[in-house]
>>> print(open('entry_23.cif').read())   # mmCIF, C-alpha atoms and all ligand atoms
data_model
#
loop_
_atom_site.label_atom_id
_atom_site.label_comp_id
_atom_site.auth_asym_id
_atom_site.auth_seq_id
_atom_site.Cartn_x
_atom_site.Cartn_y
_atom_site.Cartn_z
CA MET A 182 87.34 101.27 71.59
CA SER A 183 87.95 100.85 75.27
CA LYS A 184 88.77 97.41 76.54
CA LEU A 185 87.69 96.24 79.97
CA ILE A 186 89.86 93.99 82.12
CA LYS A 187 88.15 92.02 84.85
CA PHE A 188 90.27 91.26 87.92
CA PRO A 189 89.23 89.35 91.01
CA GLY A 190 89.41 91.95 93.80
CA LEU A 191 93.00 93.05 94.41
CA VAL A 192 94.64 92.04 97.69
CA ASP A 193 97.24 93.91 99.73
CA VAL A 194 98.69 92.23 102.82
CA HIS A 195 100.77 95.26 103.84
CA VAL A 196 98.88 98.47 104.61
CA HIS A 197 99.24 101.02 107.44
CA LEU A 198 95.80 102.49 108.13
CA ARG A 199 97.06 104.58 111.09
CA GLU A 200 94.07 104.02 113.34
CA PRO A 201 94.37 104.36 116.29
CA GLY A 202 96.94 107.00 117.07
CA ALA A 203 97.56 108.89 113.85
CA THR A 204 94.21 109.52 112.21
CA GLN A 205 95.45 112.84 110.88
CA LYS A 206 97.32 110.68 108.30
CA GLU A 207 94.60 108.08 107.53
CA ASP A 208 91.77 106.21 109.22
CA PHE A 209 89.73 103.08 108.57
CA GLU A 210 87.27 104.95 106.35
CA THR A 211 89.69 106.92 104.19
CA GLY A 212 92.22 104.09 104.00
CA THR A 213 89.68 101.52 102.82
CA GLN A 214 88.21 104.06 100.39
CA ALA A 215 91.67 104.57 98.92
CA ALA A 216 91.95 100.78 98.68
CA VAL A 217 88.68 100.35 96.79
CA ALA A 218 89.42 103.30 94.50
CA GLY A 219 92.66 101.50 93.67
CA GLY A 220 90.84 98.23 92.91
CA TYR A 221 91.48 96.42 96.22
CA THR A 222 88.75 94.46 97.97
CA GLN A 223 90.81 92.80 100.71
CA ILE A 224 93.65 94.33 102.73
CA LEU A 225 95.63 93.59 105.89
CA ASP A 226 96.54 96.31 108.37
CA MET A 227 99.93 96.55 110.10
CA PRO A 228 100.47 96.80 113.88
CA ASN A 229 102.86 99.76 114.31
CA ASN A 230 100.23 102.10 115.71
CA THR A 231 100.17 104.13 118.89
CA PRO A 232 99.45 102.05 120.88
CA PRO A 233 100.89 99.15 118.86
CA THR A 234 98.76 96.08 118.12
CA THR A 235 100.65 93.84 120.51
CA THR A 236 97.94 92.80 122.98
CA PRO A 237 94.52 91.13 122.59
CA GLN A 238 92.91 94.36 123.82
CA THR A 239 94.52 96.61 121.21
CA LEU A 240 93.53 94.09 118.54
CA GLU A 241 89.93 93.98 119.80
CA ASP A 242 89.83 97.77 119.83
CA LYS A 243 90.85 97.87 116.15
CA ILE A 244 88.29 95.22 115.20
CA LYS A 245 85.54 97.05 117.05
CA SER A 246 86.36 100.44 115.67
CA ALA A 247 86.68 99.18 112.06
CA LYS A 248 83.28 97.47 112.02
CA GLY A 249 80.69 99.35 110.00
CA ARG A 250 83.22 101.91 108.72
CA ILE A 251 85.24 100.00 106.14
CA TYR A 252 84.70 99.96 102.37
CA CYS A 253 86.61 96.76 101.62
CA ASP A 254 87.32 93.66 103.69
CA LEU A 255 89.98 94.20 106.30
CA GLY A 256 92.09 91.83 108.35
CA PHE A 257 94.87 92.49 110.84
CA ASN A 258 98.47 91.56 111.48
CA PHE A 259 99.82 91.28 115.04
CA GLY A 260 103.00 92.94 116.29
CA ALA A 261 105.87 90.85 117.63
CA THR A 262 107.74 91.96 120.75
CA ALA A 263 109.33 90.00 123.58
CA GLY A 264 106.31 91.03 125.63
CA SER A 265 103.66 90.06 123.07
CA VAL A 266 104.66 86.38 122.74
CA GLN A 267 102.44 85.59 125.74
CA TYR A 268 99.42 86.51 123.58
CA PHE A 269 100.31 84.60 120.38
CA LYS A 270 98.04 81.63 121.12
CA GLU A 271 95.15 83.88 122.03
CA VAL A 272 95.27 86.04 118.88
CA GLU A 273 96.28 83.32 116.39
CA GLN A 274 92.68 82.82 115.21
CA LYS A 275 92.13 86.51 114.63
CA VAL A 276 95.14 87.71 112.63
CA PHE A 277 96.63 86.74 109.28
CA GLY A 278 100.27 87.30 110.11
CA LEU A 279 102.79 88.22 112.77
CA LYS A 280 104.87 91.26 111.91
CA ILE A 281 108.42 91.46 113.20
CA TYR A 282 110.53 94.57 112.70
CA MET A 283 114.16 93.49 112.67
CA SER A 284 115.42 96.88 111.42
CA GLN A 285 114.61 100.52 111.95
CA THR A 286 111.06 101.63 111.20
CA THR A 287 108.21 104.00 112.11
CA GLY A 288 106.98 103.31 115.64
CA PRO A 289 108.27 101.46 118.68
CA LEU A 290 108.31 97.87 117.41
CA LEU A 291 111.98 97.30 116.60
CA VAL A 292 113.20 93.90 117.88
CA ASN A 293 116.97 94.16 118.07
CA LYS A 294 118.01 91.49 120.54
CA ILE A 295 118.88 88.07 119.19
CA ASP A 296 117.27 86.33 122.16
CA ASP A 297 114.01 88.21 121.64
CA ARG A 298 113.95 87.32 117.95
CA ASP A 299 114.56 83.68 118.81
CA LEU A 300 111.77 83.68 121.38
CA ILE A 301 109.35 85.25 118.88
CA PHE A 302 110.07 82.68 116.13
CA LYS A 303 109.87 79.87 118.66
CA SER A 304 106.56 81.07 120.08
CA TRP A 305 104.63 81.76 116.84
CA GLN A 306 103.23 78.30 116.14
CA SER A 307 100.56 79.30 113.65
CA GLN A 308 100.42 78.11 110.02
CA LEU A 309 100.22 81.76 108.99
CA PRO A 310 103.37 83.68 108.09
CA ILE A 311 105.77 85.71 110.16
CA MET A 312 106.08 88.91 108.13
CA VAL A 313 109.64 90.18 108.24
CA HIS A 314 110.82 93.76 108.02
CA ALA A 315 114.59 93.40 107.68
CA ARG A 316 117.06 95.59 105.93
CA ASP A 317 119.65 94.04 103.62
CA HIS A 318 121.34 90.95 105.04
CA ILE A 319 119.45 91.01 108.31
CA VAL A 320 116.96 88.97 106.31
CA GLU A 321 119.36 86.05 106.73
CA SER A 322 118.78 85.98 110.50
CA ALA A 323 115.05 85.67 109.80
CA ILE A 324 115.67 82.80 107.40
CA TYR A 325 117.93 81.13 109.95
CA LEU A 326 115.25 81.34 112.65
CA ALA A 327 112.48 80.21 110.30
CA LYS A 328 114.55 77.11 109.49
CA LYS A 329 115.39 76.51 113.13
CA TYR A 330 111.72 76.46 114.16
CA ASN A 331 110.22 75.39 110.82
CA ARG A 332 108.13 78.55 110.50
CA LYS A 333 106.47 80.04 107.44
CA ILE A 334 107.94 83.46 106.63
CA HIS A 335 107.08 86.31 104.31
CA ILE A 336 109.74 88.87 103.43
CA CYS A 337 108.28 92.35 103.23
CA HIS A 338 109.41 94.97 100.69
CA VAL A 339 112.19 92.86 99.23
CA THR A 340 115.36 94.53 97.97
CA ALA A 341 117.59 93.29 95.16
CA ASN A 342 120.37 92.20 97.52
CA GLN A 343 117.95 89.85 99.36
CA LEU A 344 116.74 87.91 96.33
CA SER A 345 119.44 85.24 96.27
CA SER A 346 119.08 84.38 99.99
CA ILE A 347 115.34 83.99 99.53
CA GLU A 348 115.75 81.83 96.42
CA LYS A 349 118.25 79.63 98.20
CA ALA A 350 115.95 79.15 101.20
CA LYS A 351 113.04 78.37 98.88
CA LYS A 352 115.09 75.72 97.07
CA GLU A 353 116.01 74.20 100.41
CA GLY A 354 112.32 73.72 101.09
CA LEU A 355 111.59 76.58 103.49
CA SER A 356 108.09 77.97 103.26
CA ILE A 357 109.12 81.48 102.29
CA SER A 358 107.40 84.15 100.20
CA SER A 359 108.23 87.73 99.31
CA GLU A 360 106.62 90.95 98.24
CA VAL A 361 107.88 93.91 96.25
CA CYS A 362 106.62 97.49 96.59
CA PRO A 363 105.76 99.75 93.65
CA HIS A 364 108.05 102.53 94.94
CA HIS A 365 111.02 100.19 94.61
CA LEU A 366 109.92 99.19 91.10
CA PHE A 367 109.25 102.68 89.76
CA LEU A 368 111.51 105.09 91.70
CA THR A 369 115.23 105.24 92.49
CA ILE A 370 117.58 107.26 94.64
CA ASP A 371 117.81 109.77 91.78
CA ASP A 372 114.16 110.67 92.39
CA VAL A 373 114.91 111.64 95.99
CA GLN A 374 116.48 114.89 94.78
CA ARG A 375 113.17 115.84 93.19
CA LEU A 376 110.92 114.37 95.86
CA GLY A 377 112.81 115.42 98.97
CA PRO A 378 111.11 113.98 102.10
CA LEU A 379 108.36 112.50 99.90
CA GLY A 380 110.92 110.03 98.57
CA ILE A 381 111.95 108.75 102.01
CA MET A 382 110.77 105.35 103.21
CA LYS A 383 112.13 102.13 104.71
CA PRO A 384 113.71 100.31 103.00
CA PRO A 385 114.99 103.35 101.08
CA LEU A 386 115.00 103.94 97.34
CA LEU A 387 118.13 102.49 95.76
CA SER A 388 120.02 102.65 92.48
CA LYS A 389 118.72 102.13 88.97
CA LYS A 390 120.66 98.88 88.93
CA ASP A 391 118.81 97.63 92.03
CA LYS A 392 115.51 98.56 90.43
CA GLN A 393 116.41 96.71 87.24
CA LYS A 394 117.38 93.65 89.23
CA LEU A 395 113.94 93.61 90.85
CA TRP A 396 112.28 93.72 87.42
CA GLN A 397 114.59 91.01 86.07
CA ASN A 398 113.57 88.77 88.96
CA ILE A 399 109.91 89.73 89.07
CA ASP A 400 108.87 86.13 88.33
CA LYS A 401 110.56 84.95 91.54
CA ILE A 402 108.69 87.42 93.75
CA ASP A 403 105.32 86.20 94.99
CA MET A 404 103.30 89.37 95.28
CA ILE A 405 103.10 93.13 95.07
CA SER A 406 102.29 94.95 98.31
CA THR A 407 101.96 98.68 98.55
CA ASP A 408 103.33 99.25 102.08
CA HIS A 409 100.80 102.10 101.98
CA ALA A 410 102.29 104.27 104.73
CA PRO A 411 100.67 107.71 104.65
CA HIS A 412 102.04 110.74 106.50
CA THR A 413 100.71 114.28 106.20
CA LEU A 414 102.72 116.70 104.08
CA ALA A 415 103.28 118.82 107.18
CA GLU A 416 104.83 115.85 108.98
CA LYS A 417 106.95 114.92 105.97
CA TYR A 418 108.41 118.41 105.68
CA ASP A 419 108.83 118.92 109.43
CA GLN A 420 112.48 118.17 110.10
CA THR A 421 111.98 118.48 113.84
CA SER A 422 109.44 115.65 113.95
CA PRO A 423 111.44 112.45 114.25
CA ALA A 424 110.17 109.15 112.85
CA SER A 425 110.92 107.57 116.19
CA PRO A 426 112.50 109.07 119.30
CA SER A 427 116.01 108.07 118.29
CA GLN A 428 115.78 109.29 114.71
CA GLY A 429 115.89 112.71 113.12
CA GLY A 430 114.67 113.60 109.66
CA PRO A 431 111.38 113.08 107.86
CA LYS A 432 108.96 110.30 108.64
CA PHE A 433 109.44 107.14 106.59
CA GLY A 434 106.77 105.97 104.23
CA VAL A 435 104.66 106.74 101.18
CA PRO A 436 101.03 106.04 100.24
CA GLY A 437 100.44 103.55 97.44
CA LEU A 438 96.95 102.05 97.29
CA GLU A 439 95.63 104.24 94.48
CA THR A 440 98.65 104.18 92.20
CA THR A 441 99.75 100.55 92.11
CA LEU A 442 97.37 99.30 89.45
CA PRO A 443 97.92 102.22 87.01
CA LEU A 444 101.70 101.89 87.39
CA MET A 445 101.62 98.12 86.92
CA LEU A 446 99.33 98.37 83.89
CA THR A 447 101.88 100.73 82.34
CA ALA A 448 104.50 98.05 83.02
CA VAL A 449 102.28 95.49 81.27
CA LYS A 450 102.07 97.73 78.22
CA GLU A 451 105.84 98.11 78.23
CA GLY A 452 106.26 94.33 78.30
CA LEU A 453 107.88 94.23 81.75
CA ILE A 454 105.26 91.79 83.07
CA THR A 455 102.29 89.90 81.63
CA LEU A 456 98.73 90.59 82.70
CA GLU A 457 98.44 86.99 83.83
CA ARG A 458 101.46 87.24 86.10
CA LEU A 459 100.25 90.61 87.43
CA THR A 460 96.93 89.01 88.41
CA GLU A 461 98.85 86.31 90.25
CA MET A 462 100.90 88.92 92.13
CA LEU A 463 98.00 91.20 93.00
CA CYS A 464 95.23 88.67 93.63
CA THR A 465 95.86 84.95 93.59
CA ASN A 466 99.17 84.59 95.42
CA PRO A 467 98.53 86.85 98.43
CA ARG A 468 95.14 85.19 98.91
CA LYS A 469 96.73 81.74 98.85
CA ILE A 470 99.80 82.50 100.96
CA PHE A 471 97.85 84.32 103.69
CA ASN A 472 94.87 81.97 103.62
CA LEU A 473 92.49 84.82 102.99
CA PRO A 474 88.78 83.99 102.74
CA ASN A 475 87.21 83.80 99.29
CA GLN A 476 85.09 86.74 98.30
CA GLN A 477 82.08 85.49 96.37
CA ASN A 478 80.93 87.46 93.35
CA THR A 479 83.63 90.09 93.86
CA TYR A 480 85.51 91.71 91.00
CA VAL A 481 86.99 94.88 89.59
CA LEU A 482 86.39 96.21 86.09
CA VAL A 483 89.24 98.30 84.74
CA ASP A 484 89.13 100.28 81.54
CA GLU A 485 92.63 99.54 80.32
CA SER A 486 92.89 102.17 77.60
CA PRO A 487 93.29 105.60 79.24
CA THR A 488 96.83 106.74 79.88
CA TYR A 489 97.47 109.78 82.01
CA THR A 490 100.00 111.51 84.19
CA ILE A 491 99.68 110.57 87.85
CA SER A 492 98.89 113.58 90.05
CA ASN A 493 97.79 114.45 93.58
CA ASN A 494 94.27 115.26 92.39
CA GLY A 495 91.28 113.22 93.41
CA LEU A 496 93.02 110.85 95.83
CA PHE A 497 90.95 109.30 98.60
CA THR A 498 93.86 108.76 100.97
CA LYS A 499 93.69 111.36 103.74
CA CYS A 500 97.32 112.36 103.22
CA ALA A 501 96.33 113.52 99.69
CA TRP A 502 99.70 113.12 97.96
CA THR A 503 101.59 110.48 96.03
CA PRO A 504 105.33 110.12 95.37
CA PHE A 505 104.50 109.00 91.81
CA VAL A 506 103.44 112.45 90.55
CA GLY A 507 104.48 112.87 86.93
CA LEU A 508 104.77 109.15 86.13
CA GLU A 509 102.57 107.55 83.51
CA GLY A 510 99.54 105.68 84.77
CA ARG A 511 97.30 103.47 82.70
CA GLY A 512 93.76 102.21 83.20
CA LYS A 513 90.88 103.50 85.26
CA VAL A 514 89.00 101.48 87.86
CA GLN A 515 85.51 101.69 86.43
CA LYS A 516 83.59 99.54 88.86
CA VAL A 517 84.22 97.53 92.03
CA VAL A 518 81.72 94.84 92.98
CA LEU A 519 81.86 93.32 96.48
CA ARG A 520 79.69 90.27 97.16
CA GLY A 521 77.40 91.15 94.30
CA LYS A 522 76.96 94.83 95.25
CA THR A 523 78.51 97.67 93.27
CA ILE A 524 80.47 99.67 95.85
CA PHE A 525 82.40 102.03 93.58
CA GLU A 526 81.60 103.26 90.09
CA ASN A 527 83.13 105.97 87.88
CA GLY A 528 85.12 107.55 90.67
CA LYS A 529 82.34 107.55 93.27
CA PHE A 530 81.31 105.36 96.19
CA THR A 531 77.81 104.06 95.81
CA GLY A 532 75.98 103.70 99.09
CA LYS A 533 77.30 102.74 102.47
CA SER A 534 80.40 100.91 103.57
CA ARG A 535 80.03 97.18 103.03
CA GLY A 536 83.42 95.83 104.02
CA GLN A 537 83.79 93.16 106.67
CA VAL A 538 86.44 92.49 109.25
CA ILE A 539 87.92 89.13 108.23
CA PHE A 540 89.47 86.30 110.22
CA PRO A 541 91.54 83.29 109.17
CA GLN A 542 89.67 80.09 108.52
CA ILE A 543 92.21 77.57 109.69
O1 LIG A 601 108.57 103.45 105.13
C1 LIG A 601 108.03 102.85 106.04
N1 LIG A 601 106.91 103.32 106.62
N2 LIG A 601 108.54 101.71 106.47
C2 LIG A 601 108.09 101.09 107.58
O2 LIG A 601 108.61 100.09 107.96
C3 LIG A 601 106.95 101.63 108.33
C4 LIG A 601 106.15 102.54 107.52
C5 LIG A 601 105.28 103.41 108.37
O3 LIG A 601 104.51 102.88 109.17
O4 LIG A 601 105.35 104.65 108.22
ZN ZN A 602 108.42 97.39 106.76
ZN ZN A 603 105.11 98.72 106.27
#
>>> encode(input="entry_23.cif", output="structure tokens")
Amino acid sequence: MSKLIKFPGLVDVHVHLREPGATQKEDFETGTQAAVAGGYTQILDMPNNTPPTTTPQTLEDKIKSAKGRIYCDLGFNFGATAGSVQYFKEVEQKVFGLKIYMSQTTGPLLVNKIDDRDLIFKSWQSQLPIMVHARDHIVESAIYLAKKYNRKIHICHVTANQLSSIEKAKKEGLSISSEVCPHHLFLTIDDVQRLGPLGIMKPPLLSKKDKQKLWQNIDKIDMISTDHAPHTLAEKYDQTSPASPSQGGPKFGVPGLETTLPLMLTAVKEGLITLERLTEMLCTNPRKIFNLPNQQNTYVLVDESPTYTISNNGLFTKCAWTPFVGLEGRGKVQKVVLRGKTIFENGKFTGKSRGQVIFPQI
């Protein structure tokens, strides 16, 4: 007999929907469809677009273009640069987080200079988190600045070697949270041989030992975020198309919205995490930490029994591939209900897009 699990809508605070600038990879429609098909009802979009979301105008353009086209609720994060600090006050009421890239990434948003980083932390006076992209021990500079200015920070795509610094800062009373991505929980550097460019992202896949350390410390990590970062297969395999002007090699990033729940439900079956804790990481904690609005009468029904091999078939993401091909998935999203209306049932969208653009209520 099949058993149904009822989740509140899943939440992902770290998604790259690629609109504007790279709609060959994804757009507001396909990205939010992928989200709903994966069980998500509320997601936050990242600012590393072309042009980047670093001015009130680029933010307004996103809001305007998303309206009426999105299948789940969608909020935005703002991009931090030395030039965008002048707009922080103005956009504070409209975004859920400020994203700062302190290490190499896709797009032009790298903030390398210490003075610029200091100015950004000083200038962001909102109660909402500064979301930090920082490789390895660069995370310590973010923690230092968060302490200096008493800011709330959220460490994106945490790696095993960052866990102790985060724990220490938490114990010292800093308002700090962290997220872990499914690719770091289910893949390692050994998979890169098989996956080639499809196994390349930032931060990169690491050793089996690093992966195990993440699982051992899963109870200390606040949430799971996909870092859904679609690129077309053509772009991934094109060695002449650099991720940013200074970098060669394939574009960084992998899609993840449609595979997170099946992978995590497999982990539940294997005893790596409890269903209760998974619900905290996928629903309750991100909602709390990012002050996301409540969604009345919104839930996801998942048939937990089917197990299957993850494949590229039937994905809603425009990029149409997943790095998790061949891994075991468990559970099927049977129905997604948003504000009392069934929006997705048995693999199909029912009716029109009913998502809303959301804003912080603080
Ligand atoms: O792998 C990544 N992809 N890491 C990032 O920081 C950016 C993202 C993207 O936008 O492609
Ligand atoms: Zn990142
Ligand atoms: Zn990202």
>>> closest_atom_pairs(input="entry_23.cif", of="chain A", to="ligand ZN 603 (chain A)", cutoff="7 Å", atoms="only C-alpha atoms and all ligand atoms", output="tab-separated table")
residue	atom	partner	partner_atom	distance
A:His195	CA	A:ZN603	ZN	6.1
A:Val196	CA	A:ZN603	ZN	6.5
A:His197	CA	A:ZN603	ZN	6.4
A:Met227	CA	A:ZN603	ZN	6.8
A:Asp408	CA	A:ZN603	ZN	4.6
A:His409	CA	A:ZN603	ZN	7.0
A:Ala410	CA	A:ZN603	ZN	6.4
>>> residues_around(input="entry_23.cif", residues="range 298-315 of chain A", least_positions_apart="4", cutoff="9 Å", atoms="only C-alpha atoms", output="NGL selection string")
:A and (258 or 261-263 or 265-267 or 269-270 or 273-274 or 276-286 or 292-294 or 319-323 or 326-327 or 329-330 or 332-339 or 356-358 or 384 or 470-472 or 541 or 543)
>>> atom_distance(input="entry_23.cif", atom1="CA of Ser406 in chain A", atom2="CA of Thr340 in chain A")
13.1 Å
>>> residues_around(input="entry_23.cif", residues="Lys499 in chain A", least_positions_apart="4", cutoff="9 Å", atoms="all atoms listed in the file", output="ChimeraX atom specification")
/A:204-208,211-212,215,411-413
>>> residues_around(input="entry_23.cif", residues="Glu210 in chain A", least_positions_apart="5", cutoff="10 Å", atoms="all atoms listed in the file", output="ChimeraX atom specification")
/A:198,200,215-216,247,249-253,497-499,534
>>> residues_around(input="entry_23.cif", residues="Asp484 in chain A", least_positions_apart="4", cutoff="10 Å", atoms="all atoms listed in the file", output="number ranges by chain")
A: 183-187, 511-516
>>> residues_around(input="entry_23.cif", residues="Asp400 in chain A", least_positions_apart="3", cutoff="10 Å", atoms="all atoms listed in the file", output="JSON, numbers by chain")
{"A": [395, 396, 397, 403, 404, 454, 458, 459, 462]}
>>> atom_distance(input="entry_23.cif", atom1="CA of Pro436 in chain A", atom2="CA of Phe209 in chain A")
14.3 Å
>>> closest_residue(input="entry_23.cif", among="A:Pro385, A:Gly536, A:Pro233, A:Pro189", to="ligand LIG 601 (chain A)", atoms="only C-alpha atoms and all ligand atoms")
A:Pro385
>>> atom_distance(input="entry_23.cif", atom1="CA of Glu353 in chain A", atom2="CA of Lys383 in chain A")
28.5 Å
>>> closest_residue(input="entry_23.cif", among="A:Leu366, A:Val435, A:Thr407, A:Asp391", to="ligand LIG 601 (chain A)", atoms="all atoms listed in the file")
A:Val435
>>> closest_residue(input="entry_23.cif", among="A:Val483, A:Leu496, A:Leu387, A:Met445", to="His365 in chain A", atoms="only C-alpha atoms")
A:Leu387
>>> closest_residue(input="entry_23.cif", among="A:Tyr325, A:Cys500, A:Thr440, A:Tyr221", to="Leu355 in chain A", atoms="all atoms listed in the file")
A:Tyr325
>>> residues_near_point(input="entry_23.cif", point="(94.9, 98.9, 94.1)", cutoff="8 Å", atoms="all atoms listed in the file", output="PDB file with C-alpha atoms, in the frame of the given file")
ATOM      1  CA  LEU A 191      93.000  93.050  94.410  1.00  0.00           C
ATOM      2  CA  VAL A 192      94.640  92.040  97.690  1.00  0.00           C
ATOM      3  CA  ASP A 193      97.240  93.910  99.730  1.00  0.00           C
ATOM      4  CA  ALA A 216      91.950 100.780  98.680  1.00  0.00           C
ATOM      5  CA  VAL A 217      88.680 100.350  96.790  1.00  0.00           C
ATOM      6  CA  ALA A 218      89.420 103.300  94.500  1.00  0.00           C
ATOM      7  CA  GLY A 219      92.660 101.500  93.670  1.00  0.00           C
ATOM      8  CA  GLY A 220      90.840  98.230  92.910  1.00  0.00           C
ATOM      9  CA  TYR A 221      91.480  96.420  96.220  1.00  0.00           C
ATOM     10  CA  GLY A 437     100.440 103.550  97.440  1.00  0.00           C
ATOM     11  CA  LEU A 438      96.950 102.050  97.290  1.00  0.00           C
ATOM     12  CA  GLU A 439      95.630 104.240  94.480  1.00  0.00           C
ATOM     13  CA  THR A 440      98.650 104.180  92.200  1.00  0.00           C
ATOM     14  CA  THR A 441      99.750 100.550  92.110  1.00  0.00           C
ATOM     15  CA  LEU A 442      97.370  99.300  89.450  1.00  0.00           C
TER      16      LEU A 442
END
>>> closest_residue(input="entry_23.cif", among="A:Thr369, A:Thr523, A:Thr488, A:Thr213", to="Pro504 in chain A", atoms="all atoms listed in the file")
A:Thr369
>>> build_atoms(input="entry_23.cif", residues="range 265-271 of chain A", atoms="all heavy atoms", output="tab-separated table (two decimals), keeping the file's coordinate frame")
chain	number	residue	atom	x	y	z
A	265	SER	N	104.93	90.48	123.69
A	265	SER	CA	103.66	90.06	123.07
A	265	SER	C	103.58	88.56	122.81
A	265	SER	O	102.51	88.06	122.47
A	265	SER	CB	103.38	90.85	121.78
A	265	SER	OG	104.16	90.39	120.70
A	266	VAL	N	104.69	87.84	122.99
A	266	VAL	CA	104.66	86.38	122.74
A	266	VAL	C	103.63	85.68	123.63
A	266	VAL	O	103.00	84.71	123.21
A	266	VAL	CB	106.04	85.69	122.90
A	266	VAL	CG1	107.05	86.21	121.90
A	266	VAL	CG2	106.57	85.83	124.30
A	267	GLN	N	103.42	86.21	124.81
A	267	GLN	CA	102.44	85.59	125.74
A	267	GLN	C	101.03	85.58	125.15
A	267	GLN	O	100.18	84.82	125.60
A	267	GLN	CB	102.45	86.34	127.07
A	267	GLN	CG	102.06	87.80	126.93
A	267	GLN	CD	102.07	88.55	128.25
A	267	GLN	OE1	101.46	88.14	129.22
A	267	GLN	NE2	102.81	89.66	128.28
A	268	TYR	N	100.77	86.42	124.14
A	268	TYR	CA	99.42	86.51	123.58
A	268	TYR	C	99.27	85.76	122.25
A	268	TYR	O	98.17	85.73	121.69
A	268	TYR	CB	99.04	87.97	123.33
A	268	TYR	CG	99.16	88.84	124.55
A	268	TYR	CD1	100.00	89.96	124.54
A	268	TYR	CD2	98.44	88.57	125.71
A	268	TYR	CE1	100.12	90.77	125.66
A	268	TYR	CE2	98.55	89.37	126.83
A	268	TYR	CZ	99.40	90.47	126.80
A	268	TYR	OH	99.51	91.27	127.91
A	269	PHE	N	100.35	85.19	121.73
A	269	PHE	CA	100.31	84.60	120.38
A	269	PHE	C	99.17	83.60	120.24
A	269	PHE	O	98.41	83.64	119.29
A	269	PHE	CB	101.64	83.94	120.02
A	269	PHE	CG	102.75	84.91	119.67
A	269	PHE	CD1	102.54	86.29	119.71
A	269	PHE	CD2	104.02	84.45	119.30
A	269	PHE	CE1	103.56	87.19	119.39
A	269	PHE	CE2	105.05	85.34	118.97
A	269	PHE	CZ	104.82	86.70	119.02
A	270	LYS	N	99.07	82.68	121.20
A	270	LYS	CA	98.04	81.63	121.12
A	270	LYS	C	96.63	82.24	121.07
A	270	LYS	O	95.78	81.84	120.30
A	270	LYS	CB	98.13	80.69	122.34
A	270	LYS	CG	99.00	79.48	122.10
A	270	LYS	CD	98.15	78.30	121.58
A	270	LYS	CE	98.87	77.33	120.67
A	270	LYS	NZ	99.52	77.81	119.49
A	271	GLU	N	96.47	83.25	121.90
A	271	GLU	CA	95.15	83.88	122.03
A	271	GLU	C	94.71	84.62	120.75
A	271	GLU	O	93.54	84.66	120.42
A	271	GLU	CB	95.22	84.86	123.21
A	271	GLU	CG	93.88	85.32	123.69
A	271	GLU	CD	94.00	86.24	124.91
A	271	GLU	OE1	95.03	86.18	125.62
A	271	GLU	OE2	93.06	87.02	125.12
